[in-house]
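Coordinates from input.txt are shown below (compact mmCIF, C-alpha atoms and all ligand atoms).
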```txt
# COMPACT_ATOMS: atom_id res chain seq x y z
CA MET A 1 21.86 46.57 -65.93
CA PRO A 2 19.88 47.85 -68.90
CA GLY A 3 17.57 50.75 -68.06
CA GLU A 4 14.91 52.42 -70.08
CA ALA A 5 15.87 55.19 -72.48
CA SER A 6 12.64 56.93 -71.49
CA THR A 7 11.77 58.22 -68.03
CA LEU A 8 8.60 59.50 -66.41
CA THR A 9 8.42 62.52 -64.11
CA CYS A 10 5.65 64.82 -62.97
CA ALA A 11 5.91 68.11 -64.83
CA GLY A 12 4.27 69.86 -61.87
CA CYS A 13 6.23 68.65 -58.83
CA GLY A 14 9.14 66.65 -60.24
CA THR A 15 8.16 63.37 -58.58
CA ALA A 16 9.15 60.25 -60.53
CA PRO A 17 6.84 57.22 -60.38
CA GLY A 18 8.42 54.01 -59.08
CA PRO A 19 9.46 51.23 -61.48
CA PRO A 20 6.60 49.20 -62.99
CA SER A 21 7.24 46.42 -60.44
CA ASP A 22 6.20 48.91 -57.71
CA ASP A 23 3.78 51.09 -59.68
CA PRO A 24 2.48 49.30 -62.79
CA TYR A 25 0.03 52.12 -63.59
CA PRO A 26 2.08 55.36 -63.38
CA PHE A 27 -0.61 57.38 -65.14
CA ARG A 28 -1.13 60.10 -62.56
CA CYS A 29 1.23 61.69 -60.06
CA ARG A 30 1.03 59.95 -56.67
CA ALA A 31 2.27 63.09 -54.89
CA GLN A 32 -0.92 64.95 -55.84
CA ARG A 33 -2.72 66.37 -52.78
CA GLU A 34 -6.15 67.99 -52.68
CA GLY A 35 -5.79 71.77 -52.87
CA ASP A 36 -2.02 71.86 -53.44
CA ASP A 37 -2.58 74.04 -56.54
CA ILE A 38 0.06 72.13 -58.51
CA ASP A 39 -0.65 70.97 -62.06
CA HIS A 40 0.49 67.36 -61.75
CA VAL A 41 0.98 65.72 -65.16
CA ILE A 42 3.21 62.70 -65.79
CA ARG A 43 5.53 63.45 -68.70
CA ARG A 44 7.68 61.03 -70.67
CA THR A 45 11.22 62.17 -71.51
CA LEU A 46 13.47 60.40 -74.01
CA ASP A 47 17.20 59.93 -73.49
CA ALA A 48 18.40 61.39 -76.77
CA GLY A 49 21.90 59.99 -76.28
CA ARG A 50 20.60 56.43 -76.51
CA LEU A 51 17.94 56.75 -79.19
CA ARG A 52 17.60 57.78 -82.81
CA PHE A 53 14.61 58.92 -84.80
CA PRO A 54 13.37 55.84 -86.71
CA ILE A 55 14.00 56.03 -90.46
CA GLU A 56 12.55 52.63 -91.38
CA ILE A 57 9.32 52.74 -93.34
CA ASP A 58 6.41 50.85 -91.79
CA GLU A 59 2.77 51.52 -92.54
CA ASN A 60 1.82 50.87 -88.89
CA PRO A 61 2.95 53.88 -86.81
CA PHE A 62 3.15 51.81 -83.63
CA ARG A 63 5.64 49.49 -85.29
CA ARG A 64 7.49 52.31 -87.01
CA TYR A 65 8.06 54.51 -83.95
CA ARG A 66 7.93 51.80 -81.28
CA GLU A 67 11.38 52.46 -79.82
CA LEU A 68 10.25 55.95 -78.85
CA LEU A 69 7.33 54.58 -76.81
CA HIS A 70 7.62 54.12 -73.07
CA SER A 71 5.95 50.72 -73.35
CA TRP A 72 8.68 49.45 -75.70
CA GLN A 73 11.37 50.77 -73.38
CA ILE A 74 9.77 49.05 -70.36
CA ALA A 75 9.42 45.85 -72.36
CA ALA A 76 13.07 45.89 -73.50
CA ALA A 77 14.40 46.70 -70.02
CA ASN A 78 12.44 43.80 -68.53
CA GLY A 79 13.54 41.13 -70.97
CA MET A 80 10.78 41.17 -73.58
CA SER A 81 12.14 40.80 -77.10
CA ASP A 82 11.41 43.25 -79.89
CA ALA A 83 9.67 40.43 -81.78
CA GLU A 84 7.32 39.84 -78.84
CA TYR A 85 6.48 43.53 -78.69
CA VAL A 86 5.80 43.60 -82.43
CA THR A 87 3.52 40.59 -81.97
CA LEU A 88 1.50 42.58 -79.41
CA VAL A 89 1.18 45.47 -81.85
CA ASP A 90 0.16 43.20 -84.72
CA ARG A 91 -2.39 41.31 -82.65
CA LEU A 92 -4.05 44.53 -81.48
CA ASP A 93 -3.95 45.87 -85.04
CA ARG A 94 -5.69 42.79 -86.44
CA ALA A 95 -8.36 42.87 -83.72
CA ILE A 96 -9.04 46.55 -84.41
CA ALA A 97 -9.23 45.86 -88.14
CA ALA A 98 -11.74 43.07 -87.49
CA LEU A 99 -14.01 45.57 -85.68
CA GLU A 100 -13.43 48.63 -87.84
CA GLY A 101 -12.51 47.33 -91.25
CA ARG A 102 -9.19 49.14 -90.95
CA GLY A 103 -6.23 48.92 -88.63
CA LEU A 104 -3.49 51.30 -87.55
CA ARG A 105 -2.02 52.86 -90.67
CA GLU A 106 -0.11 55.98 -91.59
CA THR A 107 -2.69 58.61 -92.52
CA PRO A 108 -2.55 60.87 -95.61
CA PHE A 109 -0.49 64.07 -95.48
CA PHE A 110 -0.48 66.25 -98.57
CA GLU A 111 -0.13 69.75 -99.94
CA ALA A 112 -3.67 71.08 -100.40
CA ASP A 113 -3.18 73.10 -103.59
CA ALA A 114 -6.81 74.12 -104.14
CA LEU A 115 -7.14 75.23 -100.53
CA GLY A 116 -3.95 77.27 -100.85
CA VAL A 117 -5.25 78.94 -104.02
CA ARG A 118 -8.59 79.81 -102.39
CA LEU A 119 -6.79 81.41 -99.44
CA GLY A 120 -4.44 83.35 -101.73
CA PHE A 121 -1.24 81.56 -100.80
CA ASP A 122 1.66 82.92 -102.79
CA GLY A 123 5.05 81.30 -102.39
CA GLY A 124 3.82 79.33 -99.40
CA SER A 125 1.70 76.21 -99.03
CA ILE A 126 -0.93 74.58 -96.85
CA TRP A 127 -0.45 70.97 -95.83
CA VAL A 128 -3.24 68.79 -94.48
CA LYS A 129 -2.89 65.76 -92.20
CA ASP A 130 -6.10 63.80 -92.72
CA GLU A 131 -7.12 61.76 -89.68
CA THR A 132 -10.77 61.32 -90.70
CA GLY A 133 -10.00 57.84 -92.05
CA ASN A 134 -8.20 56.74 -88.90
CA VAL A 135 -9.63 54.15 -86.49
CA GLY A 136 -12.84 55.60 -84.99
CA GLY A 137 -12.83 58.51 -87.47
CA SER A 138 -10.24 60.67 -85.69
CA HIS A 139 -6.71 60.76 -84.27
CA LYS A 140 -7.98 59.75 -80.80
CA ALA A 141 -7.22 56.05 -81.25
CA ARG A 142 -3.52 56.93 -81.49
CA HIS A 143 -3.56 58.15 -77.87
CA LEU A 144 -5.42 55.07 -76.68
CA VAL A 145 -3.44 52.46 -78.61
CA GLY A 146 -0.32 53.88 -76.94
CA VAL A 147 -1.91 53.38 -73.52
CA MET A 148 -3.23 49.93 -74.42
CA LEU A 149 0.21 48.72 -75.55
CA TYR A 150 1.60 49.85 -72.21
CA LEU A 151 -1.15 47.92 -70.35
CA GLN A 152 -0.46 44.82 -72.42
CA VAL A 153 3.30 45.00 -71.84
CA VAL A 154 2.84 45.31 -68.09
CA GLU A 155 0.42 42.40 -68.12
CA ARG A 156 2.70 40.26 -70.27
CA LEU A 157 5.63 40.96 -67.96
CA GLY A 158 3.58 39.73 -65.00
CA LEU A 159 3.72 43.14 -63.32
CA ALA A 160 -0.01 43.92 -63.33
CA PRO A 161 -1.98 43.23 -60.17
CA GLY A 162 -4.39 40.28 -60.32
CA GLY A 163 -7.86 40.63 -61.76
CA GLN A 164 -9.08 42.23 -64.92
CA PRO A 165 -8.86 46.04 -64.57
CA ALA A 166 -11.77 48.05 -65.99
CA LEU A 167 -11.07 51.09 -68.13
CA ALA A 168 -12.88 54.44 -68.01
CA VAL A 169 -13.30 57.47 -70.27
CA ALA A 170 -15.44 60.62 -70.18
CA SER A 171 -16.53 61.67 -73.66
CA CYS A 172 -19.54 61.83 -75.95
CA GLY A 173 -17.68 61.74 -79.20
CA ASN A 174 -14.53 60.59 -80.91
CA ALA A 175 -12.55 59.80 -77.76
CA ALA A 176 -15.32 57.49 -76.53
CA LEU A 177 -15.60 55.77 -79.89
CA ALA A 178 -11.86 55.25 -80.14
CA ALA A 179 -11.66 54.02 -76.54
CA ALA A 180 -14.47 51.54 -77.18
CA VAL A 181 -12.85 50.16 -80.32
CA VAL A 182 -9.42 49.75 -78.74
CA ALA A 183 -10.76 48.32 -75.45
CA SER A 184 -13.02 45.90 -77.30
CA ALA A 185 -10.15 44.81 -79.56
CA ALA A 186 -8.07 44.08 -76.47
CA GLY A 187 -10.96 42.34 -74.73
CA MET A 188 -11.03 44.77 -71.79
CA PRO A 189 -14.19 46.18 -70.16
CA LEU A 190 -14.78 49.93 -70.61
CA ARG A 191 -17.09 52.35 -68.79
CA VAL A 192 -17.96 55.52 -70.75
CA PHE A 193 -19.30 58.59 -68.90
CA VAL A 194 -21.39 60.74 -71.26
CA PRO A 195 -23.51 63.92 -71.00
CA PRO A 196 -27.29 63.65 -71.52
CA ASP A 197 -27.11 65.25 -74.99
CA ALA A 198 -24.76 62.62 -76.44
CA GLU A 199 -25.76 61.67 -79.97
CA PRO A 200 -27.89 58.52 -80.17
CA ALA A 201 -25.81 57.12 -83.04
CA VAL A 202 -22.65 57.38 -80.95
CA LEU A 203 -24.33 55.72 -77.95
CA GLU A 204 -25.58 52.91 -80.16
CA ARG A 205 -22.11 52.28 -81.55
CA LEU A 206 -20.61 52.32 -78.03
CA ARG A 207 -23.10 49.71 -76.85
CA ARG A 208 -22.42 47.54 -79.88
CA LEU A 209 -18.76 47.62 -78.89
CA ASP A 210 -19.78 46.33 -75.42
CA ALA A 211 -18.97 49.56 -73.59
CA GLU A 212 -20.95 50.31 -70.42
CA VAL A 213 -22.51 53.76 -70.95
CA VAL A 214 -23.21 55.96 -67.89
CA THR A 215 -25.23 59.14 -68.57
CA CYS A 216 -24.35 62.10 -66.33
CA ALA A 217 -26.72 65.08 -65.99
CA ARG A 218 -25.46 68.63 -65.50
CA GLN A 219 -26.47 69.82 -62.00
CA ALA A 220 -27.70 73.37 -61.44
CA GLY A 221 -25.12 75.52 -59.69
CA VAL A 222 -22.26 73.06 -60.21
CA ARG A 223 -19.62 74.24 -62.63
CA GLY A 224 -17.67 71.92 -64.86
CA ASP A 225 -18.42 68.97 -67.10
CA PRO A 226 -20.59 66.44 -65.20
CA ALA A 227 -19.34 63.44 -67.18
CA TYR A 228 -15.78 64.39 -66.39
CA ARG A 229 -16.60 64.77 -62.69
CA ARG A 230 -18.15 61.30 -62.58
CA PHE A 231 -15.15 59.89 -64.42
CA ARG A 232 -12.86 61.41 -61.78
CA LEU A 233 -14.90 59.81 -59.01
CA GLY A 234 -14.73 56.45 -60.77
CA VAL A 235 -10.98 56.67 -61.19
CA ASN A 236 -10.46 57.81 -57.59
CA ASP A 237 -12.91 55.49 -55.80
CA ASP A 238 -13.60 52.51 -58.02
CA GLU A 239 -10.05 51.99 -59.18
CA LEU A 240 -11.02 52.29 -62.81
CA LEU A 241 -7.99 52.86 -65.05
CA PRO A 242 -8.09 56.17 -66.94
CA PHE A 243 -8.36 55.20 -70.62
CA THR A 244 -8.56 58.73 -71.79
CA CYS A 245 -7.14 61.38 -74.07
CA GLN A 246 -6.29 63.77 -71.20
CA GLY A 247 -2.66 63.91 -70.18
CA THR A 248 -3.66 65.07 -66.70
CA GLU A 249 -5.52 61.80 -66.16
CA ASN A 250 -3.06 59.54 -67.92
CA GLY A 251 0.31 61.01 -68.84
CA LEU A 252 1.07 58.07 -71.13
CA THR A 253 -1.78 59.04 -73.46
CA ILE A 254 0.33 61.78 -75.02
CA GLU A 255 3.06 59.71 -76.67
CA GLY A 256 0.68 57.63 -78.83
CA GLY A 257 -0.67 60.93 -80.15
CA GLU A 258 2.87 61.95 -81.07
CA THR A 259 2.89 59.36 -83.85
CA LEU A 260 0.68 61.73 -85.89
CA THR A 261 3.31 64.49 -85.88
CA TRP A 262 6.19 62.05 -86.28
CA GLU A 263 4.50 60.93 -89.50
CA ILE A 264 4.43 64.56 -90.65
CA ILE A 265 8.11 64.98 -89.79
CA SER A 266 9.06 61.75 -91.58
CA ALA A 267 7.02 62.71 -94.65
CA LEU A 268 8.52 66.20 -94.96
CA GLY A 269 12.12 65.10 -94.48
CA ARG A 270 14.26 68.21 -94.48
CA LEU A 271 11.38 70.51 -95.45
CA ALA A 272 10.47 72.46 -92.32
CA LEU A 273 7.02 73.73 -91.47
CA ASP A 274 6.76 77.37 -90.43
CA ARG A 275 3.50 77.01 -88.52
CA VAL A 276 0.99 74.43 -87.35
CA PHE A 277 -2.60 75.31 -86.39
CA VAL A 278 -4.13 72.84 -83.94
CA GLN A 279 -7.70 72.85 -82.60
CA VAL A 280 -7.81 72.55 -78.82
CA GLY A 281 -10.45 71.08 -76.52
CA GLY A 282 -8.75 69.17 -73.71
CA GLY A 283 -5.37 69.92 -75.26
CA ALA A 284 -3.92 66.42 -75.70
CA LEU A 285 -3.53 66.71 -79.48
CA ALA A 286 -1.69 70.02 -79.08
CA SER A 287 0.44 68.62 -76.26
CA ALA A 288 1.30 65.59 -78.39
CA CYS A 289 2.14 67.80 -81.39
CA THR A 290 4.49 69.97 -79.34
CA HIS A 291 6.14 67.04 -77.58
CA ALA A 292 6.62 65.23 -80.90
CA TYR A 293 8.53 68.22 -82.25
CA LEU A 294 10.57 68.61 -79.06
CA ASP A 295 11.43 64.89 -79.13
CA ALA A 296 12.36 65.03 -82.82
CA ARG A 297 14.57 68.04 -82.20
CA SER A 298 16.32 66.38 -79.26
CA LEU A 299 16.95 63.35 -81.53
CA GLY A 300 18.40 65.63 -84.22
CA GLU A 301 15.64 64.98 -86.74
CA VAL A 302 14.41 68.59 -86.99
CA ASP A 303 16.50 71.74 -86.60
CA ARG A 304 13.76 74.23 -85.82
CA LEU A 305 10.26 74.11 -84.45
CA PRO A 306 7.22 75.45 -86.30
CA ARG A 307 5.17 78.06 -84.48
CA VAL A 308 2.34 76.18 -82.83
CA HIS A 309 -0.92 78.18 -82.91
CA LEU A 310 -3.67 76.73 -80.75
CA VAL A 311 -7.25 77.33 -81.81
CA GLN A 312 -10.36 77.58 -79.62
CA THR A 313 -13.84 78.89 -80.39
CA SER A 314 -15.47 82.08 -79.14
CA GLY A 315 -17.85 79.75 -77.24
CA VAL A 316 -15.15 78.61 -74.81
CA TYR A 317 -11.49 79.63 -74.67
CA PRO A 318 -9.92 79.03 -71.26
CA LEU A 319 -6.51 78.50 -72.88
CA LEU A 320 -6.24 82.17 -73.89
CA ARG A 321 -6.58 83.24 -70.24
CA ALA A 322 -3.77 80.88 -69.19
CA TYR A 323 -1.52 82.01 -72.05
CA GLU A 324 -2.06 85.72 -71.31
CA ARG A 325 -1.29 85.20 -67.64
CA ALA A 326 1.90 83.30 -68.46
CA VAL A 327 3.01 86.07 -70.84
CA ALA A 328 2.24 88.71 -68.18
CA TYR A 329 4.33 86.76 -65.66
CA LEU A 330 7.21 86.50 -68.16
CA GLU A 331 7.12 90.24 -68.80
CA ALA A 332 6.93 91.10 -65.09
CA SER A 333 9.79 88.73 -64.23
CA GLY A 334 12.32 90.95 -65.98
CA ASP A 335 13.51 88.05 -68.15
CA GLY A 336 11.00 87.76 -70.95
CA THR A 337 12.69 84.70 -72.41
CA ASN A 338 12.79 82.49 -69.32
CA VAL A 339 10.05 80.04 -70.26
CA ASP A 340 11.28 77.51 -67.66
CA LEU A 341 10.72 80.04 -64.88
CA ALA A 342 7.29 81.09 -66.13
CA MET A 343 6.11 77.50 -66.51
CA LEU A 344 7.42 76.54 -63.05
CA HIS A 345 5.34 79.39 -61.64
CA ALA A 346 2.28 78.50 -63.73
CA ARG A 347 2.41 74.82 -62.85
CA THR A 348 2.62 75.56 -59.12
CA HIS A 349 -0.18 78.20 -59.18
CA ARG A 350 -2.70 76.27 -61.24
CA SER A 351 -5.84 78.04 -60.03
CA GLN A 352 -4.49 81.39 -61.27
CA PHE A 353 -4.13 79.99 -64.80
CA MET A 354 -6.88 77.46 -65.44
CA TRP A 355 -10.40 77.18 -64.10
CA PRO A 356 -13.69 75.94 -65.59
CA TRP A 357 -15.40 78.17 -68.14
CA GLU A 358 -18.16 80.14 -66.41
CA SER A 359 -21.04 79.42 -68.77
CA GLU A 360 -22.14 76.24 -70.53
CA PRO A 361 -20.01 76.15 -73.67
CA ARG A 362 -21.74 76.03 -77.04
CA SER A 363 -20.30 75.77 -80.54
CA LEU A 364 -20.74 73.98 -83.83
CA ALA A 365 -17.35 72.46 -83.01
CA ARG A 366 -18.68 70.19 -80.30
CA GLY A 367 -15.47 68.24 -79.93
CA ILE A 368 -13.53 71.19 -78.51
CA LEU A 369 -16.02 72.38 -75.90
CA ASP A 370 -14.07 71.32 -72.83
CA ASP A 371 -14.79 73.53 -69.81
CA GLU A 372 -11.12 73.35 -68.95
CA THR A 373 -8.13 72.83 -71.19
CA HIS A 374 -6.85 69.86 -69.21
CA ASP A 375 -3.40 69.87 -70.82
CA TRP A 376 -3.19 73.67 -70.67
CA ALA A 377 0.35 73.77 -69.24
CA ALA A 378 1.83 71.76 -72.10
CA CYS A 379 -0.19 73.91 -74.53
CA VAL A 380 1.00 77.21 -73.06
CA GLU A 381 4.59 75.95 -72.88
CA GLY A 382 4.37 74.80 -76.51
CA MET A 383 3.29 78.24 -77.68
CA LEU A 384 5.90 80.05 -75.57
CA ARG A 385 8.71 77.79 -76.79
CA THR A 386 7.77 78.00 -80.46
CA GLY A 387 6.57 81.60 -80.70
CA GLY A 388 3.03 80.55 -81.55
CA THR A 389 -0.06 82.23 -80.13
CA PRO A 390 -3.64 81.28 -79.27
CA VAL A 391 -6.27 82.02 -81.91
CA ILE A 392 -9.96 82.42 -81.05
CA VAL A 393 -12.41 81.89 -83.93
CA SER A 394 -16.05 82.90 -84.36
CA GLU A 395 -18.87 80.49 -85.10
CA ALA A 396 -19.20 82.02 -88.57
CA LEU A 397 -15.56 81.24 -89.31
CA ILE A 398 -15.92 77.68 -87.94
CA ALA A 399 -18.72 77.16 -90.49
CA GLU A 400 -16.88 78.91 -93.34
CA ALA A 401 -13.69 76.91 -92.76
CA ASN A 402 -15.61 73.65 -92.77
CA THR A 403 -17.27 74.39 -96.10
CA LEU A 404 -13.95 75.43 -97.61
CA ALA A 405 -12.18 72.35 -96.24
CA ARG A 406 -14.74 69.97 -97.71
CA GLU A 407 -15.04 71.80 -101.05
CA THR A 408 -11.32 72.03 -101.73
CA THR A 409 -10.07 68.70 -100.38
CA GLY A 410 -13.09 66.42 -100.66
CA ILE A 411 -12.45 65.26 -97.09
CA ASP A 412 -15.66 64.71 -95.12
CA VAL A 413 -14.35 66.47 -92.01
CA ASP A 414 -16.64 67.76 -89.23
CA TYR A 415 -16.72 71.26 -87.72
CA THR A 416 -14.36 70.30 -84.90
CA GLY A 417 -11.96 68.67 -87.31
CA SER A 418 -11.57 71.75 -89.50
CA ALA A 419 -11.40 74.24 -86.59
CA GLY A 420 -7.62 74.46 -86.98
CA LEU A 421 -8.18 75.73 -90.52
CA ALA A 422 -10.53 78.37 -89.11
CA GLY A 423 -7.63 79.46 -86.90
CA LEU A 424 -5.35 79.70 -89.93
CA MET A 425 -7.95 81.86 -91.74
CA GLN A 426 -8.28 84.12 -88.70
CA GLN A 427 -4.51 84.54 -88.48
CA LEU A 428 -4.29 85.22 -92.23
CA ALA A 429 -6.62 88.21 -91.83
CA ARG A 430 -4.24 89.57 -89.20
CA ASP A 431 -0.98 88.67 -90.93
CA PRO A 432 -1.12 88.37 -94.74
CA SER A 433 2.60 87.49 -94.88
CA LEU A 434 1.60 83.98 -93.82
CA ARG A 435 0.76 83.33 -97.46
CA SER A 436 4.45 82.87 -98.20
CA GLU A 437 4.93 80.30 -95.43
CA ARG A 438 4.61 76.52 -95.21
CA VAL A 439 1.77 75.80 -92.77
CA ALA A 440 -0.05 72.67 -91.67
CA VAL A 441 -3.48 71.85 -90.30
CA ILE A 442 -4.89 68.59 -88.94
CA PHE A 443 -8.32 67.43 -90.11
CA SER A 444 -9.48 65.09 -87.36
CA GLY A 445 -13.07 63.98 -86.89
CA VAL A 446 -15.17 62.54 -89.70
CA ARG A 447 -18.64 63.99 -90.29
CA ARG A 448 -21.30 61.66 -88.96
CA GLY A 449 -24.36 63.54 -90.23
CA PRO A 450 -25.57 66.75 -91.86
CA THR A 451 -25.63 68.61 -88.50
CA GLN A 452 -21.92 68.09 -88.07
CA GLY A 453 -20.70 70.20 -90.91
ZN ZN B 1 3.31 65.73 -59.17
```
Please lay out the structure from this file as structure tokens.
Ligand SMILES: [Zn+2]
Amino acid sequence: MPGEASTLTCAGCGTAPGPPSDDPYPFRCRAQREGDDIDHVIRRTLDAGRLRFPIEIDENPFRRYRELLHSWQIAAANGMSDAEYVTLVDRLDRAIAALEGRGLRETPFFEADALGVRLGFDGGSIWVKDETGNVGGSHKARHLVGVMLYLQVVERLGLAPGGQPALAVASCGNAALAAAVVASAAGMPLRVFVPPDAEPAVLERLRRLDAEVVTCARQAGVRGDPAYRRFRLGVNDDELLPFTCQGTENGLTIEGGETLTWEIISALGRLALDRVFVQVGGGALASACTHAYLDARSLGEVDRLPRVHLVQTSGVYPLLRAYERAVAYLEASGDGTNVDLAMLHARTHRSQFMWPWESEPRSLARGILDDETHDWAACVEGMLRTGGTPVIVSEALIAEANTLARETTGIDVDYTGSAGLAGLMQQLARDPSLRSERVAVIFSGVRRGPTQG
């Protein structure tokens, strides 16, 4: 009997969700128990022996890399033809294009010569992946299209329970916009939980896309993001489906995000990157970037992994605490190279590694102000496995990097979207030898007004 060449397991406790006939929505680990201190995250693993890295050119990343997606594997194992799957992708693409004026297309990736010159690169180069022209103005739609294709496959196979499920997301920015576009294109209802200071223009766009907006006030004495707390309640009690860019809430959100890095890998061919600098809020982009490289290596497409440096602002940097604690555990364990052991410990002692930031986070880079790095474990593991490190940048550098990014590339990126470049500049000051390396940054998040960059 044909099985899927991709499997799901919880990275925290090892539990595997049942088949889609038993558990059509395997987004979160069912073994999760209140207070168990385990970091339950559903992770998709590819069977490298049965797959290859796609070499066919296709401008739509969800057609190009479809065989690496869990939804395609579920479809194939349950009798859906490849042509039917492609029809689903094309239909969603056309509906998105009708709303947005653009569909799902490979985004630009180029060597930024002028930027390299300004930063004194000598022998090395800076490469930019530009996601500002993507659906919703950022990479976020990639995550959500991946989830939506899974929902549509399950529905088409007759495995979804009756009734129209409602989707939910907590965000006041690009994730909410992307979720609203993709949900609207698929004709599914969406509830968006937002903080009181959400930008009016974003709220207006969400309402025009028929999303139900729920404003959540911060309560005195209660730590953590109020919109996220309300989202959790909705997912737990109201049976809303998590349509979100947090791997902890929906493990299947990561693989759609991987298409971004797979495009980089396909574009570079045998040229290898030495380092990638990725801005981190909730951590899904960084998790997707790392997993994309690990998948490509297991499929024989890349020989070595770039160092993945993860960038947060001096306004909020919970990831650094988690990374430092993991490194301390590695050093104390007597085997400083046993990343498996360190991550097993970290994932089963969550409260010692990740907890909400103590003060209300503030930064120009509003898109990476998450109180907690939700996908912290994948982020820490990615840095440990690749030899990358966390980088914390000042507000001044966030501003300087944004000006430089826009001046040298002409891309209208916002502060959040150029925060990875700020991390590169910070690291350059510490290690000038970087100027002879091949490094990449991801510009994600288009500027929506003069206050954004
Ligand atoms: Zn679990």
- Can you tell me which residues sit at most 10 Å away from ligand ZN 1 (chain B), counting all atoms listed in the file, written as a ChimeraX atom specification? /A:9-17,28-33,36,38-42,347-348
List every residue of stretch 280-318 of chain A that has an atom at most 6 Å from any atom of stretch 257-265 of chain A, and for each one report the closest atom pair and its distance in Å to one decimal, counting all atoms listed in the file, with rows sorted by chain and then by increasing residue number, as JSON lines.
```
{"residue": "A:Ala288", "atom": "CA", "partner": "A:Glu258", "partner_atom": "CA", "distance": 4.8}
{"residue": "A:Cys289", "atom": "CA", "partner": "A:Thr261", "partner_atom": "CA", "distance": 5.7}
{"residue": "A:Ala292", "atom": "CA", "partner": "A:Glu258", "partner_atom": "CA", "distance": 5.0}
```
- Item | Between atom CA of A:Arg435 and atom CA of A:Leu285, distance in Å (one decimal) |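 Atom-to-atom, atom CA of A:Arg435 and atom CA of A:Leu285 are spaced 24.9 Å apart.
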- Straight-line distance linking atom CA of A:Ser171 with atom CA of A:Thr403, stated in Å to one decimal: 25.8 Å
- Query: At most 10 Å from (-13.9, 46.7, -71.2), file frame, all atoms listed in the file: which residues, as a list in words?
  - Reply: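 Those residues, ordered by chain and then number, are Gln164, Pro165, Ala166, Leu167, Ala168, Ala179, Ala180, Val181, Val182, Ala183, Ser184, Ala185, Ala186, Gly187, Met188, Pro189, Leu190, Arg191, Val192, Leu209, Asp210, Ala211 and Glu212 of chain A.
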- Task: List the neighbours of A:Ser125 out to 7 Å using only C-alpha atoms; skip same-chain residues closer than 4 positions along the sequence, and give me the result as a list in words.
- Result: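 After dropping sequence-adjacent residues, the list is Glu111, Gly116, Phe121, Glu437, Arg438 and Val439 of chain A.
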- Message: Report, in Å to a single decimal, how far apart atom CA of A:Leu177 and atom CA of A:Glu100 are.
- Response: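 Result for atom CA of A:Glu100 versus atom CA of A:Leu177: 10.9 Å, one decimal.
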- Query: Between A:Arg270, A:Arg275, A:Arg156, A:Arg229, which one has atoms that come closest to A:Gly387, using only C-alpha atoms?
  - Reply: A:Arg275
- Message: Would you pick out the contacts of A:Ser266 at 12 Å or less, using all atoms listed in the file, so that residues sharing its chain but fewer than 6 positions from it are not included, and give the list as a PyMOL selection string?
- Response: chain A and resi 53-58+61+64-65+106+109+259-260+272+292-293+296+301-302
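With distances taken over all atoms listed in the file, A:Gly247 is the one residue among A:Gly247, A:Gly163, A:Gly234, A:Gly173 lying closest to A:Asp375.
Distances here use all atoms listed in the file; by that measure, the residue among A:Val276, A:Ala98, A:Ala322, A:Leu330 closest to A:Val135 is A:Ala98.
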